[in-house]
file upload.cif (mmCIF, C-alpha atoms)
data_start
#
loop_
_atom_site.label_atom_id
_atom_site.label_comp_id
_atom_site.auth_asym_id
_atom_site.auth_seq_id
_atom_site.Cartn_x
_atom_site.Cartn_y
_atom_site.Cartn_z
CA MET S 1 78.62 179.81 58.22
CA LYS S 2 80.58 179.06 55.13
CA PRO S 3 78.89 180.49 52.01
CA LYS S 4 77.14 177.90 49.93
CA ARG S 5 78.79 177.27 46.59
CA SER S 6 76.92 179.14 43.94
CA LEU S 7 77.27 179.82 40.25
CA VAL S 8 77.76 183.53 40.92
CA TYR S 9 80.70 182.89 43.26
CA ARG S 10 82.23 180.36 40.89
CA ARG S 11 81.87 182.75 37.95
CA ILE S 12 83.57 185.57 39.86
CA LEU S 13 86.37 183.19 40.90
CA ASP S 14 86.87 182.14 37.25
CA GLU S 15 86.90 185.75 36.07
CA ILE S 16 89.41 186.88 38.67
CA GLY S 17 91.50 183.80 37.80
CA LYS S 18 91.56 184.90 34.15
CA GLU S 19 92.41 188.48 35.09
CA ILE S 20 95.31 187.27 37.20
CA GLN S 21 96.79 185.51 34.18
CA ILE S 22 96.77 188.83 32.33
CA HIS S 23 97.85 190.99 35.29
CA PRO S 24 99.90 188.76 37.58
CA ASN S 25 101.44 191.79 39.25
CA TYR S 26 98.23 193.32 40.59
CA ALA S 27 98.28 192.86 44.35
CA ASP S 28 94.54 193.48 44.74
CA LEU S 29 93.69 190.73 42.24
CA GLN S 30 95.93 188.31 44.12
CA ASN S 31 94.17 189.22 47.37
CA GLN S 32 90.67 188.89 45.87
CA PHE S 33 91.52 185.57 44.25
CA ALA S 34 92.99 184.24 47.49
CA LEU S 35 89.92 185.31 49.45
CA LEU S 36 87.65 183.50 47.01
CA LEU S 37 89.83 180.39 47.18
CA MET S 38 89.84 180.52 50.96
CA VAL S 39 86.07 180.55 51.07
CA GLU S 40 86.04 177.67 48.59
CA GLY S 41 88.19 175.81 51.12
CA GLU S 42 91.34 175.78 48.98
CA MET S 43 93.55 176.99 51.81
CA GLU S 44 96.95 176.10 50.36
CA ARG S 45 96.31 177.92 47.09
CA ALA S 46 94.78 180.83 48.99
CA GLU S 47 97.91 181.16 51.12
CA ILE S 48 100.10 181.24 48.00
CA HIS S 49 98.08 184.10 46.48
CA PHE S 50 97.88 186.12 49.70
CA LEU S 51 101.65 185.84 49.95
CA LYS S 52 102.00 186.90 46.30
CA GLY S 53 99.83 189.94 46.97
CA MET S 54 101.96 190.83 49.98
CA ARG S 55 105.17 190.43 48.00
CA LEU S 56 103.80 192.79 45.34
CA ASN S 57 102.71 195.28 47.97
CA PRO S 58 104.28 194.65 51.38
CA LYS S 59 102.02 197.28 52.98
CA TYR S 60 98.78 195.78 51.65
CA ARG S 61 96.86 195.57 54.93
CA GLU S 62 93.83 193.69 53.62
CA ALA S 63 95.97 190.87 52.23
CA ILE S 64 98.06 190.76 55.41
CA HIS S 65 94.95 190.57 57.61
CA ASN S 66 93.36 187.95 55.39
CA LEU S 67 96.46 185.79 55.59
CA GLY S 68 96.33 186.15 59.36
CA PHE S 69 92.71 184.95 59.31
CA LEU S 70 93.68 182.04 57.09
CA TYR S 71 96.28 181.00 59.67
CA MET S 72 93.68 181.31 62.43
CA GLU S 73 91.21 179.29 60.38
CA THR S 74 93.81 176.57 59.85
CA LYS S 75 94.83 176.81 63.54
CA ARG S 76 98.38 177.95 62.78
CA TRP S 77 98.29 180.24 65.79
CA LYS S 78 101.98 181.11 65.87
CA LYS S 79 101.94 182.37 62.30
CA ALA S 80 98.73 184.32 62.87
CA GLU S 81 100.23 185.86 65.99
CA GLU S 82 103.37 186.91 64.09
CA ILE S 83 101.30 188.61 61.43
CA PHE S 84 98.96 190.50 63.75
CA LEU S 85 101.74 191.46 66.17
CA SER S 86 103.87 192.91 63.39
CA GLU S 87 100.84 194.82 62.09
CA ALA S 88 100.03 196.09 65.58
CA LYS S 89 103.60 197.32 65.86
CA ARG S 90 103.19 199.30 62.63
CA HIS S 91 99.70 200.55 63.52
CA SER S 92 99.82 200.64 67.30
CA GLU S 93 96.58 202.62 67.62
CA ASP S 94 94.46 200.32 65.47
CA GLY S 95 91.74 199.01 67.79
CA PHE S 96 90.73 196.25 65.39
CA LEU S 97 94.22 194.70 65.44
CA HIS S 98 94.26 194.69 69.23
CA HIS S 99 90.82 193.10 69.18
CA LEU S 100 92.13 190.38 66.86
CA LEU S 101 95.15 189.77 69.04
CA GLY S 102 92.91 189.64 72.10
CA MET S 103 90.77 186.98 70.41
CA LEU S 104 93.80 185.05 69.25
CA TYR S 105 95.27 184.92 72.75
CA LEU S 106 91.90 184.00 74.20
CA GLN S 107 91.65 181.16 71.72
CA THR S 108 95.09 179.86 72.70
CA GLY S 109 94.46 180.14 76.43
CA ARG S 110 96.73 183.15 77.12
CA GLU S 111 94.21 185.16 79.07
CA LYS S 112 96.57 187.78 80.48
CA LYS S 113 97.76 188.78 77.04
CA ALA S 114 94.20 188.63 75.75
CA ALA S 115 93.04 191.04 78.45
CA ALA S 116 95.87 193.47 77.69
CA HIS S 117 94.92 193.66 74.01
CA ILE S 118 91.19 193.88 74.75
CA LEU S 119 91.96 196.90 76.94
CA LYS S 120 93.99 198.45 74.12
CA ALA S 121 91.21 197.78 71.62
CA MET S 122 88.79 199.70 73.88
CA GLN S 123 91.34 202.45 74.42
CA TYR S 124 91.93 203.07 70.72
CA HIS S 125 88.42 202.41 69.45
CA PRO S 126 85.54 203.36 71.77
CA HIS S 127 83.16 201.15 69.78
CA TYR S 128 84.78 198.04 71.30
CA ARG S 129 83.79 199.11 74.81
CA ASP S 130 80.10 198.70 73.88
CA TYR S 131 80.86 195.57 71.94
CA TYR S 132 82.67 193.85 74.82
CA ARG S 133 79.99 195.04 77.25
CA GLN S 134 77.30 193.46 75.11
CA LYS S 135 79.24 190.21 75.01
CA GLY S 136 79.77 190.25 78.77
CA VAL S 137 83.55 190.61 78.47
CA TRP S 138 83.58 194.15 79.94
CA GLN S 139 81.57 194.41 83.14
CA ARG S 140 81.74 197.23 85.69
CA GLY S 141 85.18 198.35 84.56
CA THR S 142 86.83 194.94 84.54
CA ILE S 143 87.47 192.24 81.98
CA HIS S 144 85.73 188.90 82.39
CA LEU S 145 87.08 186.08 80.29
CA ASP S 146 84.75 183.37 81.50
CA PRO S 147 83.40 180.63 79.17
CA LYS S 148 80.60 182.96 78.08
CA ALA S 149 83.23 185.20 76.50
CA GLN S 150 84.11 182.35 74.17
CA SER S 151 81.11 183.34 72.05
CA ILE S 152 83.06 186.28 70.66
CA LEU S 153 85.72 183.92 69.39
CA LYS S 154 83.28 182.53 66.89
CA LYS S 155 82.65 186.01 65.57
CA VAL S 156 86.30 186.60 64.70
CA HIS S 157 86.32 183.58 62.41
CA LEU S 158 83.43 185.09 60.50
CA TYR S 159 85.42 188.08 59.38
CA PRO S 160 86.95 186.62 56.17
CA TYR S 161 83.53 185.26 55.18
CA ALA S 162 82.04 188.68 55.74
CA GLN S 163 84.86 190.10 53.63
CA PHE S 164 84.05 187.60 50.95
CA HIS S 165 80.40 188.69 50.79
CA ASN S 166 81.54 192.30 50.84
CA PHE S 167 83.83 191.70 47.88
CA VAL S 168 81.18 189.78 45.92
CA GLY S 169 78.67 192.56 46.67
CA LEU S 170 80.99 195.26 45.37
CA ASN S 171 81.82 193.14 42.33
CA LEU S 172 78.10 192.74 41.51
CA ALA S 173 77.45 196.44 42.09
CA LYS S 174 80.17 197.27 39.56
CA ARG S 175 78.20 195.24 37.03
CA GLY S 176 75.03 197.13 37.84
CA LYS S 177 73.45 194.14 39.64
CA PHE S 178 72.38 196.21 42.61
CA ALA S 179 69.69 193.94 44.05
CA GLN S 180 72.12 191.02 44.23
CA ALA S 181 74.86 193.32 45.52
CA VAL S 182 72.62 194.51 48.36
CA LYS S 183 71.90 190.87 49.34
CA GLU S 184 75.62 190.07 49.52
CA LEU S 185 76.49 193.20 51.46
CA LYS S 186 73.68 192.51 53.90
CA LYS S 187 75.20 189.07 54.48
CA ALA S 188 78.56 190.74 55.20
CA GLU S 189 76.88 193.18 57.55
CA GLY S 190 74.95 190.39 59.27
CA LEU S 191 78.12 188.40 59.94
CA THR S 192 80.07 191.31 61.44
CA PRO S 193 77.71 194.19 62.19
CA GLU S 194 80.49 196.00 64.05
CA GLU S 195 82.51 196.52 60.85
CA PHE S 196 81.82 200.06 59.65
CA ILE S 197 83.08 199.57 56.12
CA PHE S 198 80.38 196.99 55.30
CA HIS S 199 77.70 199.51 56.32
CA ALA S 200 79.47 202.19 54.30
CA ASN S 201 79.67 199.95 51.22
CA LEU S 202 76.00 199.03 51.53
CA GLY S 203 75.24 202.75 51.84
CA ALA S 204 77.23 203.42 48.67
CA VAL S 205 75.34 200.73 46.75
CA TYR S 206 72.00 202.21 47.90
CA TYR S 207 73.29 205.62 46.78
CA TYR S 208 74.19 204.29 43.31
CA GLN S 209 70.86 202.48 43.16
CA GLY S 210 68.97 205.67 44.00
CA ALA S 211 67.57 204.38 47.34
CA TYR S 212 68.65 207.52 49.17
CA SER S 213 66.86 207.05 52.52
CA LYS S 214 68.39 203.60 52.92
CA ALA S 215 71.77 205.03 51.92
CA VAL S 216 71.51 207.68 54.63
CA GLN S 217 70.66 205.01 57.21
CA GLU S 218 73.64 202.85 56.30
CA PHE S 219 76.11 205.74 56.18
CA GLN S 220 74.85 206.82 59.58
CA ASN S 221 75.35 203.27 60.90
CA ALA S 222 78.92 203.30 59.58
CA LEU S 223 79.63 206.69 61.13
CA LYS S 224 78.21 205.65 64.47
CA ILE S 225 80.85 202.91 64.58
CA ASN S 226 83.64 205.01 63.11
CA PRO S 227 82.93 208.75 63.36
CA LEU S 228 86.40 209.46 61.96
CA TYR S 229 85.59 207.95 58.55
CA GLY S 230 85.84 211.12 56.46
CA MET S 231 84.64 209.65 53.17
CA GLY S 232 81.54 208.38 54.94
CA HIS S 233 80.65 211.98 55.85
CA ALA S 234 81.37 213.05 52.24
CA ASN S 235 79.15 210.33 50.76
CA LEU S 236 76.39 211.18 53.21
CA SER S 237 76.71 214.77 52.06
CA TYR S 238 76.26 213.80 48.38
CA VAL S 239 73.16 211.78 49.24
CA TYR S 240 71.68 214.66 51.25
CA GLY S 241 72.43 216.89 48.26
CA LEU S 242 70.46 214.59 45.98
CA MET S 243 67.60 214.61 48.48
CA GLY S 244 67.61 218.42 48.43
CA ARG S 245 68.71 218.58 52.09
CA THR S 246 71.56 221.01 51.45
CA GLY S 247 71.86 222.19 55.07
CA GLU S 248 72.69 218.65 56.18
CA ALA S 249 74.88 218.20 53.10
CA LEU S 250 76.92 221.23 54.17
CA ARG S 251 77.26 220.00 57.75
CA CYS S 252 78.50 216.58 56.61
CA MET S 253 80.89 217.98 53.99
CA ASN S 254 82.37 220.27 56.61
CA LYS S 255 83.11 217.23 58.79
CA ALA S 256 84.57 215.36 55.81
CA VAL S 257 86.92 218.28 55.08
CA ARG S 258 87.97 218.56 58.73
CA LEU S 259 88.84 214.87 58.76
CA ASN S 260 90.53 214.89 55.34
CA PRO S 261 91.93 218.40 54.84
CA GLN S 262 94.37 217.09 52.22
CA TYR S 263 91.63 216.15 49.70
CA ALA S 264 91.21 218.92 47.13
CA ASP S 265 87.91 217.58 45.79
CA LEU S 266 86.30 217.77 49.23
CA HIS S 267 87.26 221.46 49.52
CA TYR S 268 85.79 221.91 46.04
CA SER S 269 82.50 220.27 47.03
CA LEU S 270 82.35 222.35 50.20
CA ALA S 271 82.90 225.50 48.13
CA LEU S 272 79.90 224.62 45.94
CA LEU S 273 77.76 224.19 49.03
CA TYR S 274 78.91 227.48 50.60
CA ASN S 275 78.16 229.25 47.39
CA ASP S 276 74.67 227.78 47.43
CA ARG S 277 74.12 229.48 50.76
CA LYS S 278 75.57 232.67 49.34
CA GLN S 279 78.53 232.48 51.70
CA TYR S 280 80.87 233.67 48.96
CA GLY S 281 83.86 234.46 51.18
CA LYS S 282 83.91 230.92 52.54
CA ALA S 283 83.41 229.50 49.05
CA VAL S 284 86.41 231.44 47.72
CA SER S 285 88.50 230.35 50.69
CA GLU S 286 87.69 226.65 50.08
CA LEU S 287 88.47 226.94 46.37
CA LYS S 288 91.81 228.52 47.20
CA LYS S 289 92.56 225.67 49.60
CA ALA S 290 91.73 223.17 46.84
CA LEU S 291 94.08 225.01 44.47
CA ARG S 292 96.87 225.12 47.04
CA ILE S 293 96.64 221.32 47.24
CA ASN S 294 96.36 220.89 43.48
CA PRO S 295 97.27 223.99 41.42
CA ASN S 296 96.11 222.19 38.23
CA TYR S 297 92.61 221.63 39.65
CA LEU S 298 90.93 223.26 36.70
CA PHE S 299 87.30 223.25 37.81
CA ALA S 300 88.19 224.86 41.10
CA ARG S 301 89.94 227.63 39.19
CA ILE S 302 87.00 228.13 36.82
CA ASN S 303 84.60 228.29 39.76
CA LEU S 304 86.91 230.77 41.44
CA GLY S 305 86.87 232.93 38.30
CA VAL S 306 83.08 232.80 38.19
CA LEU S 307 82.83 233.76 41.86
CA TYR S 308 85.19 236.70 41.30
CA GLU S 309 83.00 237.75 38.38
CA ASP S 310 79.93 237.63 40.66
CA GLN S 311 81.74 239.91 43.07
CA LYS S 312 82.79 242.21 40.20
CA ARG S 313 86.45 241.45 40.94
CA TRP S 314 87.20 241.58 37.22
CA LYS S 315 90.98 241.65 37.51
CA ASP S 316 91.05 238.56 39.72
CA ALA S 317 88.59 236.77 37.44
CA ARG S 318 90.70 237.59 34.34
CA ARG S 319 93.83 236.31 36.08
CA GLU S 320 92.17 232.95 36.87
CA TYR S 321 90.75 232.55 33.34
CA ARG S 322 94.13 233.32 31.78
CA LYS S 323 95.76 230.70 33.97
CA ILE S 324 93.15 228.16 32.81
CA LEU S 325 93.66 228.99 29.14
CA ARG S 326 97.40 228.48 29.53
CA ILE S 327 96.62 224.88 30.57
CA THR S 328 93.62 224.25 28.26
CA PRO S 329 93.70 226.77 25.40
CA ASP S 330 90.73 225.06 23.69
CA ASP S 331 88.24 225.81 26.47
CA GLU S 332 85.69 227.93 24.61
CA HIS S 333 83.52 228.52 27.68
CA VAL S 334 86.39 230.07 29.58
CA ARG S 335 87.58 232.01 26.52
CA LYS S 336 84.11 233.52 26.12
CA ARG S 337 83.98 234.43 29.79
CA LEU S 338 87.38 236.09 29.55
CA GLU S 339 86.36 238.01 26.41
CA SER S 340 83.17 239.21 28.05
CA ILE S 341 85.08 240.86 30.91
CA SER S 342 88.15 242.05 28.98
CA MET F 1 72.71 228.04 40.21
CA LEU F 2 75.60 226.44 42.03
CA ARG F 3 73.21 224.54 44.27
CA GLU F 4 72.44 222.57 41.17
CA ASP F 5 76.18 222.19 40.55
CA PHE F 6 76.63 220.30 43.83
CA VAL F 7 73.68 218.08 42.97
CA VAL F 8 74.98 217.59 39.42
CA GLN F 9 78.32 216.51 40.92
CA ALA F 10 76.57 214.01 43.19
CA ASN F 11 74.63 212.69 40.20
CA ILE F 12 77.76 212.26 38.06
CA ARG F 13 79.50 210.43 40.91
CA ARG F 14 76.54 208.09 41.00
CA LEU F 15 76.46 207.71 37.24
CA LEU F 16 80.17 206.84 36.98
CA ALA F 17 79.82 204.26 39.73
CA ARG F 18 77.23 202.51 37.60
CA THR F 19 79.68 201.98 34.74
CA ASP F 20 82.92 200.10 34.19
CA ILE F 21 84.80 203.36 33.72
CA ASP F 22 87.85 203.62 35.97
CA ALA F 23 86.74 206.66 37.99
CA SER F 24 90.11 206.88 39.73
CA LEU F 25 91.65 208.13 36.45
CA ILE F 26 88.99 210.76 35.89
CA ASP F 27 88.26 214.15 37.46
CA PHE F 28 85.00 215.95 36.97
CA GLY F 29 83.69 219.33 37.89
CA THR F 30 80.60 221.43 37.30
CA VAL F 31 80.60 225.15 36.71
CA ARG F 32 77.17 226.72 36.38
CA GLY F 33 75.76 223.67 34.66
CA VAL F 34 78.78 223.07 32.44
CA VAL F 35 80.28 219.68 33.23
CA TYR F 36 84.00 219.10 32.73
CA ILE F 37 85.41 215.59 32.43
CA GLN F 38 89.19 215.34 32.52
CA GLY F 39 91.83 212.63 32.71
CA THR F 40 92.35 209.23 31.16
CA PHE F 41 89.33 207.35 29.89
CA GLN F 42 89.80 203.70 30.70
CA PHE F 43 87.81 200.77 32.01
CA SER F 44 88.45 199.20 35.36
CA ARG F 45 87.69 195.80 33.92
CA ILE F 46 87.42 194.48 30.40
CA ASP F 47 86.64 190.98 29.22
CA PRO F 48 90.14 189.50 28.73
CA SER F 49 89.00 187.68 25.58
CA TRP F 50 88.18 190.92 23.72
CA ASP F 51 90.47 192.08 20.93
CA TRP F 52 91.56 195.68 20.35
CA GLU F 53 88.71 196.39 17.91
CA LYS F 54 86.04 195.23 20.34
CA VAL F 55 87.55 197.26 23.17
CA ASN F 56 87.65 200.29 20.86
CA ASP F 57 83.97 199.89 19.86
CA PHE F 58 82.96 199.44 23.47
CA THR F 59 84.89 202.55 24.49
CA LEU F 60 83.26 204.62 21.74
CA ASN F 61 79.78 203.46 22.72
CA THR F 62 80.51 204.22 26.36
CA LEU F 63 81.76 207.71 25.55
CA TYR F 64 78.64 208.55 23.52
CA SER F 65 76.31 207.09 26.12
CA LEU F 66 78.12 208.79 29.01
CA GLU F 67 77.68 212.18 27.36
CA LYS F 68 74.00 211.50 26.73
CA LYS F 69 73.43 210.44 30.33
CA ILE F 70 75.24 213.47 31.73
CA ARG F 71 73.22 215.81 29.50
CA ARG F 72 70.04 214.23 30.87
CA ILE F 73 70.92 215.28 34.44
CA PRO F 74 68.74 218.26 35.41
CA GLY F 75 70.76 221.46 35.46
CA VAL F 76 73.40 220.36 32.94
CA SER F 77 73.78 222.77 30.02
CA ASP F 78 76.95 221.42 28.38
CA VAL F 79 79.57 218.69 28.72
CA ILE F 80 83.23 219.35 27.98
CA PHE F 81 85.59 216.40 27.68
CA GLN F 82 89.26 217.13 28.18
CA LEU F 83 90.64 213.61 27.99
CA ASN F 84 94.25 212.85 27.32
CA ASN F 85 93.63 209.60 25.45
CA TRP F 86 90.45 210.41 23.49
CA ARG F 87 89.61 213.50 21.50
CA ARG F 88 86.36 214.58 19.86
CA GLU F 89 86.40 216.35 16.52
CA LYS F 90 83.24 217.30 14.65
CA GLY F 91 81.14 214.97 16.76
CA HIS F 92 83.41 211.94 16.32
CA TRP F 93 85.73 210.42 18.88
CA PHE F 94 89.34 209.56 18.06
CA HIS F 95 91.81 207.66 20.14
CA VAL F 96 95.03 209.57 20.79
CA SER F 97 98.19 208.14 22.28
CA ILE F 98 99.33 209.58 25.58
CA VAL F 99 102.70 211.22 24.97
CA LYS F 100 104.84 210.85 28.04
CA LYS F 101 106.76 213.89 29.27
CA GLU F 102 110.14 212.14 28.93
CA GLU F 103 109.42 211.33 25.27
CA LYS F 104 108.48 214.94 24.70
CA ASN F 105 111.71 216.10 26.25
CA GLU F 106 113.76 213.80 24.07
CA THR F 107 112.32 215.20 20.83
#

call {"tool": "encode", "arguments": {"input": "upload.cif", "output": "structure tokens"}}
result
Amino acid sequence: MKPKRSLVYRRILDEIGKEIQIHPNYADLQNQFALLLMVEGEMERAEIHFLKGMRLNPKYREAIHNLGFLYMETKRWKKAEEIFLSEAKRHSEDGFLHHLLGMLYLQTGREKKAAAHILKAMQYHPHYRDYYRQKGVWQRGTIHLDPKAQSILKKVHLYPYAQFHNFVGLNLAKRGKFAQAVKELKKAEGLTPEEFIFHANLGAVYYYQGAYSKAVQEFQNALKINPLYGMGHANLSYVYGLMGRTGEALRCMNKAVRLNPQYADLHYSLALLYNDRKQYGKAVSELKKALRINPNYLFARINLGVLYEDQKRWKDARREYRKILRITPDDEHVRKRLESIS
Amino acid sequence: MLREDFVVQANIRRLLARTDIDASLIDFGTVRGVVYIQGTFQFSRIDPSWDWEKVNDFTLNTLYSLEKKIRRIPGVSDVIFQLNNWRREKGHWFHVSIVKKEEKNET
């Protein structure tokens, strides 16, 4: 279960250790370092760094969850319970937290409480219904916490190890070592196949690697588990775009925008796709939405100017170009466009 | 034309992910094949043992190679960098300090 010590892991641990000396106030470094230490079995040091990360950023969910796992791993149930309960209070509709609490109570023999949280996990995240059904915990509309159910307890303990492989995979991908990154992310996925983010990260690595069909498959796996993951739809859209499947790219980007209407760059991407299908009205509308969110979103404004030009709306185009030149007076492309219609 | 722009965007996203450039500090857009890169050019991780000169050389090399790679993407006709910490004049890159608004106001 525990990852075998390897030179790669040790090297990453050393590097993060050095980075921490330079940036001791980066919460994410503290969390990454602690996770690596935890997997190395250095629980006391790991706890110190998780706590540091949480002090630097008290809302840092990953560090909080990891510390909870560390307490579960070291059988400090009370502390783990405190952490997950306080998180569940803050994020009462997070199915994963209720799942964790369910497992924690099951582990400590409090079956009534376990059942209540398992029900909540299913209520807030439909994926858990299938998961518990597969494990025999949810049968014909009732919860069964017989000894067979104990098998899911083992799975919970795997989560930090899966997180470790996920982190190592992303770290290797950043260095361009995609083949190794894929191996690590597959390990993460294998340990907890129900975690959508591991599928999404593997999909992203395939996308960066240029293995588009595999990327599509992994993004689809992630979205099957969590259909509300907006960036998953956006990434799937980019991959479809690269495959020349612009119809599917448009469908996915539309979903991404519906789920994340506050992201200007998604409106911008959607505008490009609408324009491709010659749906100029919709393209203009999306660019305007992007500019309402971020009035300094220069590319959206340039695209808007170009679209107005296409529609022979010269006055509107001039207005947009002038606005751009007030922000970036050196933009020769825009200046030339303005001159050509003035 | 703009169909290519969406694909160019997806390609740049992919390209940036394959580098150490901190993509969270950078915005990019494509307008009829003209690629705009804006923001602060910085690395997400740098070898802590490197001195200023080495970091500077590495940044310069990365800037030149990034432009080359973007120009190689099918459909790209030009690349315009509008960075607030690096400026290109007559084909050469120069580091410029980021002047904070408050400092500007004081002067």

call {"tool": "closest_atom_pairs", "arguments": {"input": "upload.cif", "of": "chain F", "to": "chain S", "cutoff": "8 Å", "atoms": "all atoms listed in the file", "output": "tab-separated table"}}
result
residue	atom	partner	partner_atom	distance
F:Met1	CA	S:Asp276	CA	7.5
F:Leu2	CA	S:Asp276	CA	5.6
F:Arg3	CA	S:Asp276	CA	4.8
F:Asp5	CA	S:Leu272	CA	7.0
F:Phe6	CA	S:Leu272	CA	5.8
F:Val7	CA	S:Gly241	CA	5.6
F:Ala10	CA	S:Tyr238	CA	5.2
F:Asn11	CA	S:Leu242	CA	7.4
F:Arg14	CA	S:Tyr208	CA	5.0
F:Leu15	CA	S:Tyr208	CA	7.3
F:Ala17	CA	S:Tyr208	CA	6.7
F:Arg18	CA	S:Gly176	CA	5.8
F:Thr19	CA	S:Lys174	CA	6.8
F:Asp20	CA	S:Lys174	CA	6.7
F:Phe28	CA	S:Phe299	CA	7.7
F:Gly29	CA	S:Phe299	CA	5.3
F:Thr30	CA	S:Phe299	CA	7.0
F:Val31	CA	S:Asn303	CA	5.9
F:Tyr36	CA	S:Phe299	CA	7.3
F:Pro48	CA	S:Glu19	CA	6.8

call {"tool": "residues_around", "arguments": {"input": "upload.cif", "residues": "Tyr263 of chain S", "least_positions_apart": "2", "cutoff": "12 Å", "atoms": "only C-alpha atoms", "output": "ChimeraX atom specification"}}
result
/S:230-231,234,253,256-261,265-270,286-287,289-294,297

call {"tool": "closest_residue", "arguments": {"input": "upload.cif", "among": "S:Gln139, S:Thr108, S:Ser6, S:Asn57", "to": "Lys78 of chain S", "atoms": "all atoms listed in the file"}}
result
S:Thr108

call {"tool": "resolve_selection", "arguments": {"input": "upload.cif", "expression": "the PyMOL selection byres ((chain S and resi 219) around 9)", "output": "ChimeraX atom specification"}}
result
/S:196,199-204,214-218,220-224,232-233,235-236

call {"tool": "atom_distance", "arguments": {"input": "upload.cif", "atom1": "atom CA of Met72 of chain S", "atom2": "atom CA of Glu40 of chain S"}}
result
16.2 Å

call {"tool": "resolve_selection", "arguments": {"input": "upload.cif", "expression": "the PyMOL selection byres ((chain F and resi 73-76) around 8)", "output": "list in words"}}
result
Glu4, Asp5, Val8, Asn11, Gly33, Val34, Val35, Lys69, Ile70, Arg71, Arg72, Ser77, Asp78 and Val79 of chain F

call {"tool": "build_atoms", "arguments": {"input": "upload.cif", "residues": "segment 286-297 of chain S", "atoms": "N, CA and C atoms", "output": "short mmCIF file (atom, residue, chain, number, x, y, z; two decimals), keeping the file's coordinate frame"}}
result
data_model
loop_
_atom_site.label_atom_id
_atom_site.label_comp_id
_atom_site.auth_asym_id
_atom_site.auth_seq_id
_atom_site.Cartn_x
_atom_site.Cartn_y
_atom_site.Cartn_z
N GLU S 286 87.58 228.10 50.32
CA GLU S 286 87.69 226.65 50.08
C GLU S 286 88.29 226.35 48.71
N LEU S 287 87.91 227.16 47.71
CA LEU S 287 88.47 226.94 46.37
C LEU S 287 89.97 227.20 46.37
N LYS S 288 90.37 228.23 47.12
CA LYS S 288 91.81 228.52 47.20
C LYS S 288 92.56 227.38 47.89
N LYS S 289 91.92 226.80 48.91
CA LYS S 289 92.56 225.67 49.60
C LYS S 289 92.72 224.49 48.62
N ALA S 290 91.66 224.26 47.82
CA ALA S 290 91.73 223.17 46.84
C ALA S 290 92.88 223.42 45.86
N LEU S 291 93.03 224.68 45.45
CA LEU S 291 94.08 225.01 44.47
C LEU S 291 95.48 224.98 45.08
N ARG S 292 95.56 225.24 46.39
CA ARG S 292 96.87 225.12 47.04
C ARG S 292 97.30 223.64 47.05
N ILE S 293 96.33 222.76 47.24
CA ILE S 293 96.64 221.32 47.24
C ILE S 293 96.96 220.86 45.82
N ASN S 294 96.16 221.31 44.88
CA ASN S 294 96.36 220.89 43.48
C ASN S 294 96.22 222.11 42.56
N PRO S 295 97.34 222.76 42.24
CA PRO S 295 97.27 223.99 41.42
C PRO S 295 96.69 223.75 40.02
N ASN S 296 96.69 222.48 39.56
CA ASN S 296 96.11 222.19 38.23
C ASN S 296 94.64 221.77 38.32
N TYR S 297 94.02 222.00 39.47
CA TYR S 297 92.61 221.63 39.65
C TYR S 297 91.75 222.66 38.90
#
